[in-house]
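The structure file final.cif is reproduced below (mmCIF, C-alpha atoms).
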```cif
data_input
loop_
_atom_site.label_atom_id
_atom_site.label_comp_id
_atom_site.auth_asym_id
_atom_site.auth_seq_id
_atom_site.Cartn_x
_atom_site.Cartn_y
_atom_site.Cartn_z
CA MET A 26 -43.57 222.21 137.04
CA LEU A 27 -45.59 219.67 139.02
CA TRP A 28 -44.78 221.37 142.33
CA LEU A 29 -45.55 224.76 140.82
CA ALA A 30 -48.98 223.51 139.77
CA PHE A 31 -49.60 222.16 143.29
CA ALA A 32 -48.47 225.44 144.90
CA ARG A 33 -50.84 227.37 142.60
CA THR A 34 -53.65 224.94 143.37
CA ILE A 35 -53.27 225.42 147.13
CA GLN A 36 -52.96 229.19 146.70
CA ILE A 37 -56.14 229.37 144.61
CA ALA A 38 -58.08 226.96 146.85
CA ALA A 39 -57.08 228.74 150.07
CA SER A 40 -57.83 232.19 148.61
CA VAL A 41 -61.23 231.05 147.34
CA LEU A 42 -62.05 229.42 150.70
CA LEU A 43 -60.98 232.47 152.69
CA ALA A 44 -63.05 234.86 150.59
CA GLY A 45 -65.84 232.27 150.47
CA LEU A 46 -66.07 232.16 154.26
CA PHE A 47 -66.62 235.91 154.43
CA ALA A 48 -68.92 235.97 151.40
CA PHE A 49 -71.05 233.24 152.94
CA LYS A 50 -71.12 235.03 156.28
CA LEU A 51 -72.04 238.44 154.87
CA VAL A 52 -74.32 237.42 152.00
CA VAL A 53 -75.98 234.30 153.43
CA LEU A 54 -75.53 233.90 157.16
CA ALA A 55 -75.91 237.50 158.39
CA PRO A 56 -79.27 238.21 156.66
CA VAL A 57 -80.68 234.92 157.98
CA ALA A 58 -79.35 235.59 161.49
CA SER A 59 -80.93 239.05 161.52
CA ARG A 60 -84.33 237.47 160.79
CA HIS A 61 -83.91 234.91 163.54
CA LYS A 62 -82.73 237.63 165.95
CA ARG A 63 -81.87 235.34 168.87
CA VAL A 64 -78.14 234.55 169.02
CA ASP A 65 -78.20 231.00 170.28
CA LYS A 66 -75.56 228.35 170.93
CA PHE A 67 -75.88 227.14 167.36
CA GLN A 68 -74.77 230.48 165.93
CA LEU A 69 -72.01 230.90 168.50
CA ARG A 70 -70.66 227.45 167.65
CA LEU A 71 -70.64 228.38 163.97
CA LYS A 72 -68.73 231.57 164.77
CA GLY A 73 -66.00 229.59 166.54
CA LEU A 74 -65.68 227.12 163.67
CA TRP A 75 -65.54 230.01 161.20
CA GLY A 76 -62.64 231.64 162.98
CA ARG A 77 -60.61 228.43 163.12
CA LEU A 78 -61.24 227.58 159.47
CA ALA A 79 -60.33 231.12 158.37
CA LEU A 80 -57.01 230.85 160.21
CA VAL A 81 -56.24 227.50 158.57
CA ALA A 82 -57.05 228.95 155.12
CA TRP A 83 -54.90 232.00 155.89
CA GLY A 84 -51.98 229.76 156.87
CA ALA A 85 -52.36 227.87 153.59
CA VAL A 86 -52.34 231.19 151.67
CA ILE A 87 -49.05 232.23 153.32
CA VAL A 88 -47.26 228.88 152.96
CA SER A 89 -48.33 228.35 149.33
CA ALA A 90 -47.39 231.96 148.48
CA LEU A 91 -43.84 231.36 149.74
CA ALA A 92 -43.62 228.09 147.81
CA TRP A 93 -45.05 229.74 144.70
CA PHE A 94 -42.48 232.53 144.78
CA GLY A 95 -39.55 230.15 145.26
CA LEU A 96 -40.70 227.82 142.48
CA VAL A 97 -41.34 230.67 140.02
CA ALA A 98 -37.96 232.24 140.81
CA ALA A 99 -36.28 228.87 140.21
CA SER A 100 -38.21 228.37 136.99
CA ILE A 101 -37.33 231.69 135.36
CA SER A 102 -33.72 231.77 136.57
CA GLY A 103 -33.01 228.22 135.47
CA ALA A 104 -32.19 226.98 138.99
CA ALA A 105 -32.91 223.31 139.70
CA THR A 106 -34.75 223.99 142.98
CA PRO A 107 -35.71 227.09 145.02
CA LEU A 108 -32.81 226.26 147.37
CA ASP A 109 -30.31 226.81 144.52
CA ILE A 110 -31.33 230.43 143.85
CA ASP A 111 -28.93 233.17 144.93
CA VAL A 112 -30.03 236.30 146.74
CA ASP A 113 -29.45 238.55 143.70
CA THR A 114 -31.84 236.51 141.59
CA LEU A 115 -34.45 236.58 144.35
CA GLN A 116 -34.07 240.35 144.54
CA THR A 117 -34.40 240.69 140.77
CA VAL A 118 -37.54 238.57 140.69
CA LEU A 119 -39.03 240.47 143.62
CA LEU A 120 -38.13 244.00 142.53
CA GLN A 121 -37.98 243.85 138.73
CA THR A 122 -40.83 241.61 137.62
CA GLN A 123 -44.58 242.08 137.53
CA PHE A 124 -44.96 238.77 139.34
CA GLY A 125 -42.59 239.94 142.11
CA HIS A 126 -44.44 243.24 142.61
CA LEU A 127 -47.79 241.49 142.67
CA TRP A 128 -46.50 238.79 145.00
CA ALA A 129 -45.15 241.38 147.46
CA CYS A 130 -48.48 243.27 147.44
CA ARG A 131 -50.43 240.05 147.97
CA LEU A 132 -48.13 238.97 150.80
CA GLY A 133 -48.52 242.39 152.44
CA CYS A 134 -52.31 242.15 152.19
CA SER A 135 -52.17 238.58 153.53
CA LEU A 136 -50.18 239.70 156.58
CA VAL A 137 -52.66 242.50 157.29
CA LEU A 138 -55.47 240.00 156.87
CA GLY A 139 -53.77 237.69 159.37
CA ILE A 140 -53.64 240.48 161.96
CA LEU A 141 -57.32 241.26 161.36
CA LEU A 142 -58.23 237.58 161.70
CA PHE A 143 -56.36 237.28 164.99
CA MET A 144 -58.07 240.44 166.24
CA GLY A 145 -61.43 238.99 165.24
CA SER A 146 -63.01 242.37 164.64
CA HIS A 147 -63.58 244.72 161.67
CA GLU A 148 -65.37 242.01 159.72
CA VAL A 149 -66.09 244.07 156.60
CA VAL A 150 -62.49 245.33 156.36
CA THR A 151 -61.26 241.74 156.80
CA ALA A 152 -63.60 240.61 154.02
CA VAL A 153 -62.28 243.38 151.73
CA PHE A 154 -58.72 242.13 152.25
CA ALA A 155 -59.75 238.52 151.65
CA PHE A 156 -61.41 239.50 148.37
CA ALA A 157 -58.46 241.69 147.33
CA ILE A 158 -56.12 238.71 147.81
CA LEU A 159 -58.42 236.52 145.73
CA ALA A 160 -59.07 239.06 142.95
CA SER A 161 -55.37 239.88 142.59
CA LEU A 162 -54.78 236.32 141.36
CA ALA A 163 -56.17 237.59 138.05
CA ALA A 164 -53.11 239.80 137.54
CA ALA A 165 -50.79 236.81 138.01
CA GLY A 166 -52.46 234.87 135.24
CA HIS A 167 -53.02 235.04 131.53
CA SER A 168 -55.28 238.09 131.65
CA GLY A 169 -52.51 240.04 133.38
CA ALA A 170 -50.08 239.05 130.64
CA ILE A 171 -52.28 240.13 127.74
CA ALA A 172 -53.69 243.26 129.39
CA GLY A 173 -51.22 245.41 127.49
CA ASN A 174 -52.38 244.01 124.15
CA VAL A 175 -56.14 243.78 124.44
CA GLY A 176 -57.06 246.11 127.28
CA PRO A 177 -58.52 245.44 130.71
CA LEU A 178 -61.52 243.30 129.68
CA PRO A 179 -59.87 239.90 130.31
CA MET A 180 -58.69 241.11 133.69
CA ILE A 181 -62.17 242.39 134.62
CA GLY A 182 -63.67 239.09 133.52
CA ASP A 183 -61.10 237.13 135.49
CA ILE A 184 -61.70 239.16 138.64
CA GLY A 185 -65.45 238.67 138.24
CA HIS A 186 -64.92 234.94 137.76
CA LEU A 187 -62.81 234.65 140.92
CA ILE A 188 -65.28 236.64 143.01
CA ALA A 189 -68.12 234.49 141.73
CA ALA A 190 -66.12 231.37 142.60
CA ALA A 191 -65.80 232.64 146.19
CA LEU A 192 -69.59 232.60 146.52
CA TRP A 193 -70.06 229.31 144.68
CA PRO A 194 -68.30 226.89 144.95
CA GLY A 195 -66.35 228.77 147.68
CA GLY A 196 -69.45 228.83 149.86
CA LEU A 197 -69.83 225.04 149.82
CA VAL A 198 -67.44 224.45 152.72
CA PRO A 199 -69.25 226.94 155.01
CA LEU A 200 -72.56 225.40 153.91
CA LEU A 201 -71.28 221.95 154.80
CA ILE A 202 -70.33 223.23 158.26
CA VAL A 203 -73.82 224.65 158.78
CA LEU A 204 -75.42 221.39 157.67
CA LEU A 205 -73.19 219.27 159.92
CA GLN A 206 -74.02 221.51 162.85
CA GLN A 207 -77.70 221.31 162.00
CA TYR A 208 -77.47 217.51 161.92
CA ARG A 209 -76.15 217.57 165.48
CA ALA A 210 -78.66 220.15 166.67
CA VAL A 211 -81.63 218.84 168.60
CA ASP A 212 -83.77 221.96 168.95
CA GLN A 213 -86.21 223.00 166.27
CA SER A 214 -85.05 226.64 166.10
CA SER A 215 -81.57 225.54 165.03
CA LYS A 216 -83.07 223.34 162.34
CA ARG A 217 -85.19 226.23 161.05
CA PHE A 218 -82.16 228.50 161.10
CA ALA A 219 -80.13 226.04 159.03
CA ALA A 220 -83.02 225.44 156.62
CA ASP A 221 -83.21 229.20 156.01
CA VAL A 222 -79.45 229.30 155.42
CA VAL A 223 -79.76 226.55 152.80
CA ARG A 224 -82.67 228.38 151.14
CA ARG A 225 -80.73 231.64 150.91
CA PHE A 226 -77.53 229.93 149.74
CA SER A 227 -79.50 228.25 146.92
CA ALA A 228 -80.90 231.60 145.79
CA VAL A 229 -77.45 233.22 145.84
CA SER A 230 -75.93 230.24 143.99
CA LEU A 231 -78.39 230.62 141.12
CA VAL A 232 -77.28 234.21 140.55
CA VAL A 233 -73.62 233.28 140.93
CA VAL A 234 -73.81 230.50 138.34
CA GLY A 235 -75.05 233.14 135.88
CA LEU A 236 -72.12 235.39 136.81
CA LEU A 237 -69.68 232.49 136.40
CA VAL A 238 -71.06 231.76 132.95
CA ALA A 239 -70.93 235.41 131.86
CA THR A 240 -67.37 236.00 133.08
CA GLY A 241 -66.25 232.60 131.79
CA LEU A 242 -67.65 233.52 128.38
CA LEU A 243 -65.85 236.85 128.39
CA ASN A 244 -62.49 235.42 129.42
CA THR A 245 -62.65 232.36 127.23
CA TYR A 246 -63.17 234.58 124.20
CA PHE A 247 -59.59 235.75 124.68
CA ILE A 248 -57.88 232.44 125.40
CA VAL A 249 -59.69 229.56 123.64
CA GLY A 250 -59.18 228.78 119.98
CA SER A 251 -61.08 226.14 118.05
CA PRO A 252 -63.17 223.35 119.64
CA GLY A 253 -60.84 220.88 117.91
CA ALA A 254 -58.00 222.06 120.13
CA LEU A 255 -59.86 220.48 123.06
CA PHE A 256 -58.87 217.03 121.84
CA THR A 257 -55.46 217.72 120.35
CA THR A 258 -53.72 219.71 123.10
CA ASP A 259 -52.89 219.03 126.76
CA TYR A 260 -54.66 222.24 127.69
CA GLY A 261 -57.77 221.14 125.81
CA ARG A 262 -57.87 217.73 127.47
CA LEU A 263 -57.44 219.29 130.91
CA LEU A 264 -60.22 221.69 130.07
CA LEU A 265 -62.52 218.82 129.12
CA LEU A 266 -61.83 217.27 132.51
CA LYS A 267 -62.67 220.56 134.20
CA ILE A 268 -65.88 220.87 132.20
CA ALA A 269 -66.90 217.33 133.15
CA LEU A 270 -66.34 218.05 136.85
CA PHE A 271 -68.21 221.34 136.58
CA ILE A 272 -71.20 219.69 134.91
CA LEU A 273 -71.32 217.09 137.68
CA MET A 274 -71.27 219.90 140.23
CA LEU A 275 -74.14 221.64 138.47
CA GLY A 276 -76.09 218.37 138.43
CA LEU A 277 -75.64 217.86 142.16
CA GLY A 278 -76.50 221.52 142.78
CA ALA A 279 -79.71 221.13 140.77
CA TRP A 280 -80.65 218.00 142.72
CA ASN A 281 -80.04 219.84 145.99
CA LEU A 282 -82.11 222.79 144.84
CA LEU A 283 -85.03 220.96 143.28
CA VAL A 284 -85.34 217.84 145.43
CA LEU A 285 -83.51 218.07 148.75
CA LYS A 286 -84.03 221.70 149.69
CA PRO A 287 -87.87 221.53 149.63
CA ARG A 288 -87.73 218.33 151.71
CA LEU A 289 -85.38 219.99 154.19
CA SER A 290 -87.68 223.00 154.54
CA ARG A 291 -90.65 220.74 155.20
CA ALA A 292 -88.61 218.72 157.74
CA ALA A 293 -87.64 221.89 159.62
CA MET A 294 -91.30 222.71 160.12
CA VAL A 295 -92.32 219.39 161.69
CA GLU A 296 -92.38 219.02 165.44
CA SER A 297 -90.06 216.90 167.55
CA GLN A 298 -92.00 213.64 167.32
CA ALA A 299 -91.17 213.54 163.64
CA ALA A 300 -87.53 214.45 164.24
CA ALA A 301 -86.23 210.98 163.44
CA ALA A 302 -87.87 211.03 160.02
CA ALA A 303 -86.74 214.59 159.47
CA THR A 304 -83.06 213.71 159.62
CA MET A 305 -83.16 211.87 156.32
CA PRO A 306 -83.11 214.87 153.94
CA ILE A 307 -80.32 216.52 155.92
CA GLN A 308 -78.20 213.38 155.67
CA LEU A 309 -78.72 213.24 151.93
CA LEU A 310 -77.98 216.94 151.59
CA ILE A 311 -74.76 216.62 153.62
CA ARG A 312 -73.58 213.80 151.36
CA SER A 313 -74.52 215.72 148.24
CA VAL A 314 -72.78 218.96 149.35
CA ALA A 315 -69.72 216.94 150.42
CA CYS A 316 -69.60 215.43 146.91
CA GLU A 317 -69.97 218.92 145.39
CA THR A 318 -67.11 220.17 147.57
CA PHE A 319 -64.96 217.22 146.51
CA LEU A 320 -65.69 217.97 142.85
CA ALA A 321 -64.92 221.67 143.44
CA ALA A 322 -61.53 220.66 144.86
CA GLY A 323 -60.99 218.67 141.67
CA VAL A 324 -61.87 221.69 139.55
CA VAL A 325 -59.34 223.85 141.44
CA LEU A 326 -56.69 221.15 141.01
CA VAL A 327 -57.32 221.12 137.26
CA VAL A 328 -57.17 224.94 137.17
CA GLY A 329 -53.82 224.76 138.97
CA PHE A 330 -52.46 222.52 136.20
CA LEU A 331 -54.15 224.55 133.44
CA GLY A 332 -52.17 227.50 134.71
CA THR A 333 -48.89 225.82 133.90
CA THR A 334 -50.06 224.59 130.47
CA PRO A 335 -50.03 226.88 127.40
CA PRO A 336 -53.55 227.53 126.06
CA PRO A 337 -54.32 226.40 122.48
CA MET A 338 -54.47 230.01 121.28
CA HIS A 339 -50.70 230.21 121.82
CA MET B 4 -72.62 219.98 113.32
CA LYS B 5 -75.17 220.79 115.97
CA SER B 6 -73.26 218.86 118.63
CA ASN B 7 -70.04 220.65 117.62
CA ALA B 8 -71.74 223.98 118.12
CA ARG B 9 -73.00 222.85 121.52
CA LEU B 10 -69.54 221.66 122.47
CA ALA B 11 -68.04 224.99 121.43
CA LEU B 12 -70.63 226.86 123.48
CA VAL B 13 -70.07 224.72 126.58
CA THR B 14 -66.33 225.17 126.16
CA LEU B 15 -66.69 228.91 125.93
CA LEU B 16 -68.88 229.01 128.98
CA LEU B 17 -66.86 226.79 131.23
CA ALA B 18 -63.26 227.13 130.20
CA ALA B 19 -60.79 228.05 132.89
CA THR B 20 -59.73 231.60 133.26
CA ASN B 21 -56.56 232.59 135.00
CA ALA B 22 -54.49 230.45 132.68
CA TRP B 23 -50.86 231.19 132.05
CA ALA B 24 -49.54 231.59 128.56
CA ASN B 25 -46.22 231.80 126.81
CA ALA B 26 -44.81 234.72 124.85
CA PHE B 27 -44.12 233.91 121.21
CA VAL B 28 -43.03 236.10 118.33
CA ASP B 29 -45.87 238.05 116.81
CA HIS B 30 -43.69 239.78 114.23
CA ALA B 31 -40.20 241.22 113.94
CA GLU B 32 -38.07 243.86 112.24
CA PRO B 33 -36.24 242.76 110.14
CA ALA B 34 -39.00 240.26 109.39
CA VAL B 35 -38.43 236.57 110.06
CA GLY B 36 -36.56 235.04 107.09
CA SER B 37 -36.45 238.32 105.20
CA THR B 38 -33.76 239.83 103.01
CA VAL B 39 -33.09 243.53 103.49
CA ASP B 40 -31.15 245.99 101.38
CA THR B 41 -30.42 248.44 104.19
CA PRO B 42 -28.64 247.01 107.24
CA PRO B 43 -30.83 247.47 110.32
CA THR B 44 -29.54 249.44 113.30
CA GLU B 45 -31.98 247.79 115.66
CA ILE B 46 -33.62 244.39 116.01
CA LYS B 47 -37.24 244.66 117.12
CA ILE B 48 -39.34 241.67 118.16
CA TRP B 49 -42.98 242.02 119.08
CA PHE B 50 -44.22 239.18 121.30
CA THR B 51 -47.73 237.89 121.90
CA GLU B 52 -47.43 238.77 125.62
CA ASN B 53 -45.77 241.48 127.63
CA VAL B 54 -42.27 240.41 128.63
CA GLU B 55 -40.03 240.90 131.66
CA PRO B 56 -36.96 243.07 130.85
CA ALA B 57 -34.79 241.54 133.58
CA PHE B 58 -35.09 238.02 132.17
CA SER B 59 -35.45 238.69 128.43
CA GLN B 60 -32.66 238.93 125.90
CA ILE B 61 -31.83 238.96 122.19
CA GLN B 62 -28.57 237.84 120.63
CA VAL B 63 -27.52 238.38 117.00
CA LEU B 64 -24.89 236.05 115.56
CA ASP B 65 -23.14 236.25 112.23
CA ARG B 66 -22.40 233.34 109.95
CA ARG B 67 -19.35 232.37 112.03
CA ARG B 68 -21.55 232.33 115.18
CA ARG B 69 -19.93 235.45 116.60
CA LEU B 70 -22.03 237.91 118.57
CA VAL B 71 -22.37 241.16 116.64
CA THR B 72 -22.93 243.15 119.82
CA GLN B 73 -22.71 242.87 123.58
CA ASN B 74 -25.60 245.31 124.00
CA LYS B 75 -28.48 244.25 126.20
CA ALA B 76 -31.99 244.13 124.82
CA VAL B 77 -34.51 246.55 126.30
CA VAL B 78 -38.29 246.51 126.51
CA ASP B 79 -40.02 249.46 124.84
CA SER B 80 -41.48 251.79 127.43
CA ASP B 81 -44.70 252.29 125.44
CA ASP B 82 -45.18 248.70 124.34
CA LEU B 83 -44.19 246.12 126.93
CA ALA B 84 -44.49 243.33 124.35
CA LEU B 85 -41.72 244.86 122.20
CA LEU B 86 -38.12 243.84 122.86
CA LYS B 87 -35.39 245.86 121.09
CA LEU B 88 -31.66 245.44 120.61
CA SER B 89 -29.39 248.14 119.17
CA ILE B 90 -26.78 246.73 116.80
CA PRO B 91 -23.82 248.17 114.91
CA PRO B 92 -24.01 248.45 111.09
CA LEU B 93 -24.01 244.94 109.64
CA LYS B 94 -22.03 243.72 106.65
CA PRO B 95 -23.87 241.77 103.95
CA GLY B 96 -24.56 238.18 105.00
CA ILE B 97 -26.91 235.89 106.92
CA TYR B 98 -27.58 236.61 110.59
CA LYS B 99 -29.24 234.52 113.23
CA VAL B 100 -31.40 236.22 115.88
CA SER B 101 -31.84 234.17 119.08
CA TRP B 102 -34.26 235.28 121.74
CA LYS B 103 -35.11 234.13 125.22
CA VAL B 104 -37.97 235.83 127.01
CA VAL B 105 -39.94 235.47 130.21
CA SER B 106 -43.51 236.67 129.83
CA VAL B 107 -45.04 238.69 132.67
CA ASP B 108 -46.85 235.55 133.77
CA THR B 109 -43.36 234.05 134.34
CA HIS B 110 -43.23 231.53 131.51
CA MET B 111 -39.95 231.26 129.62
CA THR B 112 -39.78 230.70 125.88
CA VAL B 113 -36.82 230.59 123.49
CA GLY B 114 -36.53 230.75 119.72
CA SER B 115 -34.57 232.01 116.77
CA PHE B 116 -34.91 233.22 113.21
CA SER B 117 -32.62 234.42 110.42
CA PHE B 118 -32.49 237.39 108.10
CA THR B 119 -30.13 238.35 105.30
CA VAL B 120 -28.47 241.67 104.51
CA ARG B 121 -28.10 241.89 100.74
CA LYS B 122 -24.96 243.14 99.05
CA SER B 123 -25.51 246.65 97.70
CA ARG B 124 -25.41 246.77 93.89
#
```
Encoding of this model in structure tokens:
Amino acid sequence: MLWLAFARTIQIAASVLLAGLFAFKLVVLAPVASRHKRVDKFQLRLKGLWGRLALVAWGAVIVSALAWFGLVAASISGAATPLDIDVDTLQTVLLQTQFGHLWACRLGCSLVLGILLFMGSHEVVTAVFAFAILASLAAAGHSGAIAGNVGPLPMIGDIGHLIAAALWPGGLVPLLIVLLQQYRAVDQSSKRFAADVVRRFSAVSLVVVGLLVATGLLNTYFIVGSPGALFTTDYGRLLLLKIALFILMLGLGAWNLLVLKPRLSRAAMVESQAAAAATMPIQLLIRSVACETFLAAGVVLVVGFLGTTPPPMH
Amino acid sequence: MKSNARLALVTLLLAATNAWANAFVDHAEPAVGSTVDTPPTEIKIWFTENVEPAFSQIQVLDRRRRLVTQNKAVVDSDDLALLKLSIPPLKPGIYKVSWKVVSVDTHMTVGSFSFTVRKSR
């Protein structure tokens, strides 16, 4: 069960990161780049980093998907490890279960996505595949299991929640890359470009937090029982841990938005003689976003374990 | 009271989605622990989640722990949370129904219940 939770965690994290890279690029980076017009070294360097990170995330999606399938097949067939499963059982799981069908579709989409990533073109189509892989996780979870009983609402909420997570916190890793590149940049245009990226990401994040809350509310209606269950069940205690991490993330996000972002914008406007002083807000922001990313990884880890723990409602 | 309400709200807002659950018995025919006058020809168990036919089964044992049928349970085509097992006519007595199901989110659960067929008067 422990390995299954880890495989799910890596699958969720890699899927969120992959979709987050494209979401960040299309929703945050592209509009800012179009305003700045000039494609400079800074933007080209970002493009190279993007491609490499997307390939790493894609590799993690494939490897964790294979591990996930083997561990689930072992779990439902009663085999001790994935290596003990016979071919017939693998075939049955693949061809005769909802999980198997979904897994095959997701793997197919992942392979197409890999080809598109290697080609490096058709960005919008690539993004659609990345989001399809992420959104389809909803069907593998609780909402997929209860869809027959209560209709598609939990599934819709789950999909919305996953897509929102791709934008924030999924966009934190790309943001961190932009900030690190900005820290190294010496020219003022790069600093202004990065400051605009941070400004736009903050605006998008505000909307996304609202979407996360709305979809979380919708989904939780179907799976959470009484508040007392938070303290008396394993699921509840894990959930409390997730809530604590999420609140810390929101706190850091608010500090970034209300304190550091205005300072960064002002620093981007000063001329080179003040450059030394101007590096201070960017350093603080890098540390803060790195902490947020670390907390987000913790949230995904908890979600991975929540997935293998029965909710209090059951 | 106020803090409890706040806690409940925060929980509702932030709780994880995408959780996996287990399938448990919602209700059954014959009902769990019931006594029936007419022997059933089919055991029906409704679960709280949709279940996987390939990995779900029901067994009915008589008082001497003998299987009353070798039939395989099937999932209803209209209700994927309903598992059914056809059985031959039962003599009066106590029967134990054992079930093992895998929900569509791949979690396995097992359980059992009894029912009694009453002697006709």
TODO: Using the chain letters and residue numbers of this document, give as an NGL selection string the residues selected by the PyMOL selection byres ((chain B and resi 90) around 6).
DONE: :B and (44-45 or 89 or 91)
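With only C-alpha atoms taken into account, the protein and nucleic acid residues at most 9 Å from Leu43 (chain A) (excluding it and anything under 2 positions from it in its own chain) are Ala38, Ala39, Ser40, Val41, Gly45, Leu46, Phe47, Ala48, Leu78, Ala79, Leu80, Ala82, Trp83, Val86, Ala152, Ala155, Phe156, Leu159, Ala191 and Gly195 of chain A.
Across B:Ile48, B:Ile97, B:Thr72, B:Ser59, the tightest approach to Gly36 (chain B) is made by B:Ile97 when counting all atoms listed in the file.
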Residues selected by the PyMOL selection byres ((chain A and resi 310) around 8), written as a list in words:
Leu204, Asn281, Leu285, Lys286, Pro306, Ile307, Gln308, Leu309, Ile311, Arg312, Ser313 and Val314 of chain A
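Of note, CA of Leu192 (chain A) and CA of Val223 (chain A) are spaced 13.4 Å apart.
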From CA of Ser100 (chain A) to CA of Phe50 (chain B) the spacing works out at 20.0 Å
Quiz prompt | Surrounding residues of Phe27 (chain B) excluding itself and chain neighbours under 6 positions, 9 Å, all atoms listed in the file, as a PyMOL selection string | solution = (chain A and resi 339) or (chain B and resi 49-52+104+112-114)
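Coordinates place CA of Arg131 (chain A) at a distance of 21.5 Å from CA of Asp113 (chain A).
The nearest approach to Asp108 (chain B) among the residues A:Trp28, A:Phe124, A:Phe218, A:Phe154, with all atoms listed in the file taken into account, belongs to A:Phe124.
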Using only C-alpha atoms, the best pick from B:Asn53, B:Ser123, B:Ser117, B:Asn74 as closest to chain A would be B:Asn53
Counting all atoms listed in the file, the residue among B:His110, B:Pro56, B:Ile46, B:Val105 that lies closest to Leu29 (chain A) is B:His110
Mind telling me what the PyMOL selection byres ((chain B and resi 76) around 6) catches here, as a ChimeraX atom specification?
/B:60-61,75,77,87-88
Please list, as number ranges by chain, the residues that have an atom at most 12 Å away from (-50.9, 218.8, 146.3) in the coordinates of this file, counting only C-alpha atoms.
A: 27-38, 85, 89, 92, 322-323, 325-327, 329-330
So that I have them on file, write out the residues from the current selection with C-alpha atoms, as a PDB file, in the frame of the given file.
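After the write, again38.pdb holds the following:
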```
ATOM      1  CA  LEU A  27     -45.590 219.670 139.020  1.00  0.00           C
ATOM      2  CA  TRP A  28     -44.780 221.370 142.330  1.00  0.00           C
ATOM      3  CA  LEU A  29     -45.550 224.760 140.820  1.00  0.00           C
ATOM      4  CA  ALA A  30     -48.980 223.510 139.770  1.00  0.00           C
ATOM      5  CA  PHE A  31     -49.600 222.160 143.290  1.00  0.00           C
ATOM      6  CA  ALA A  32     -48.470 225.440 144.900  1.00  0.00           C
ATOM      7  CA  ARG A  33     -50.840 227.370 142.600  1.00  0.00           C
ATOM      8  CA  THR A  34     -53.650 224.940 143.370  1.00  0.00           C
ATOM      9  CA  ILE A  35     -53.270 225.420 147.130  1.00  0.00           C
ATOM     10  CA  GLN A  36     -52.960 229.190 146.700  1.00  0.00           C
ATOM     11  CA  ILE A  37     -56.140 229.370 144.610  1.00  0.00           C
ATOM     12  CA  ALA A  38     -58.080 226.960 146.850  1.00  0.00           C
ATOM     13  CA  ALA A  85     -52.360 227.870 153.590  1.00  0.00           C
ATOM     14  CA  SER A  89     -48.330 228.350 149.330  1.00  0.00           C
ATOM     15  CA  ALA A  92     -43.620 228.090 147.810  1.00  0.00           C
ATOM     16  CA  ALA A 322     -61.530 220.660 144.860  1.00  0.00           C
ATOM     17  CA  GLY A 323     -60.990 218.670 141.670  1.00  0.00           C
ATOM     18  CA  VAL A 325     -59.340 223.850 141.440  1.00  0.00           C
ATOM     19  CA  LEU A 326     -56.690 221.150 141.010  1.00  0.00           C
ATOM     20  CA  VAL A 327     -57.320 221.120 137.260  1.00  0.00           C
ATOM     21  CA  GLY A 329     -53.820 224.760 138.970  1.00  0.00           C
ATOM     22  CA  PHE A 330     -52.460 222.520 136.200  1.00  0.00           C
TER      23      PHE A 330
END
```
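Within 7 Å of the point (-27.5, 236.0, 111.6), counting all atoms listed in the file, the protein and nucleic acid residues come to Val63, Leu64, Asp65, Arg66, Ile97, Tyr98, Lys99, Val100, Ser117 and Phe118 of chain B.
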Can I get region 50-59 of chain B with N, CA and C atoms filled in, as a short mmCIF file (atom, residue, chain, number, x, y, z; two decimals), in the frame of the given file?
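Output saved as part.cif:
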```cif
data_model
loop_
_atom_site.label_atom_id
_atom_site.label_comp_id
_atom_site.auth_asym_id
_atom_site.auth_seq_id
_atom_site.Cartn_x
_atom_site.Cartn_y
_atom_site.Cartn_z
N PHE B 50 -43.76 240.47 120.78
CA PHE B 50 -44.22 239.18 121.30
C PHE B 50 -45.73 239.20 121.53
N THR B 51 -46.28 238.00 121.70
CA THR B 51 -47.73 237.89 121.90
C THR B 51 -48.14 238.25 123.33
N GLU B 52 -47.16 238.38 124.23
CA GLU B 52 -47.43 238.77 125.62
C GLU B 52 -46.42 239.84 126.02
N ASN B 53 -46.76 240.58 127.05
CA ASN B 53 -45.77 241.48 127.63
C ASN B 53 -44.63 240.65 128.22
N VAL B 54 -43.42 241.20 128.15
CA VAL B 54 -42.27 240.41 128.63
C VAL B 54 -41.53 241.14 129.76
N GLU B 55 -40.79 240.36 130.53
CA GLU B 55 -40.03 240.90 131.66
C GLU B 55 -38.63 241.32 131.20
N PRO B 56 -38.27 242.61 131.32
CA PRO B 56 -36.96 243.07 130.85
C PRO B 56 -35.80 242.35 131.53
N ALA B 57 -35.91 242.10 132.83
CA ALA B 57 -34.79 241.54 133.58
C ALA B 57 -34.42 240.13 133.13
N PHE B 58 -35.36 239.42 132.55
CA PHE B 58 -35.09 238.02 132.17
C PHE B 58 -35.30 237.78 130.67
N SER B 59 -35.24 238.85 129.87
CA SER B 59 -35.45 238.69 128.43
C SER B 59 -34.24 239.21 127.67
#
```
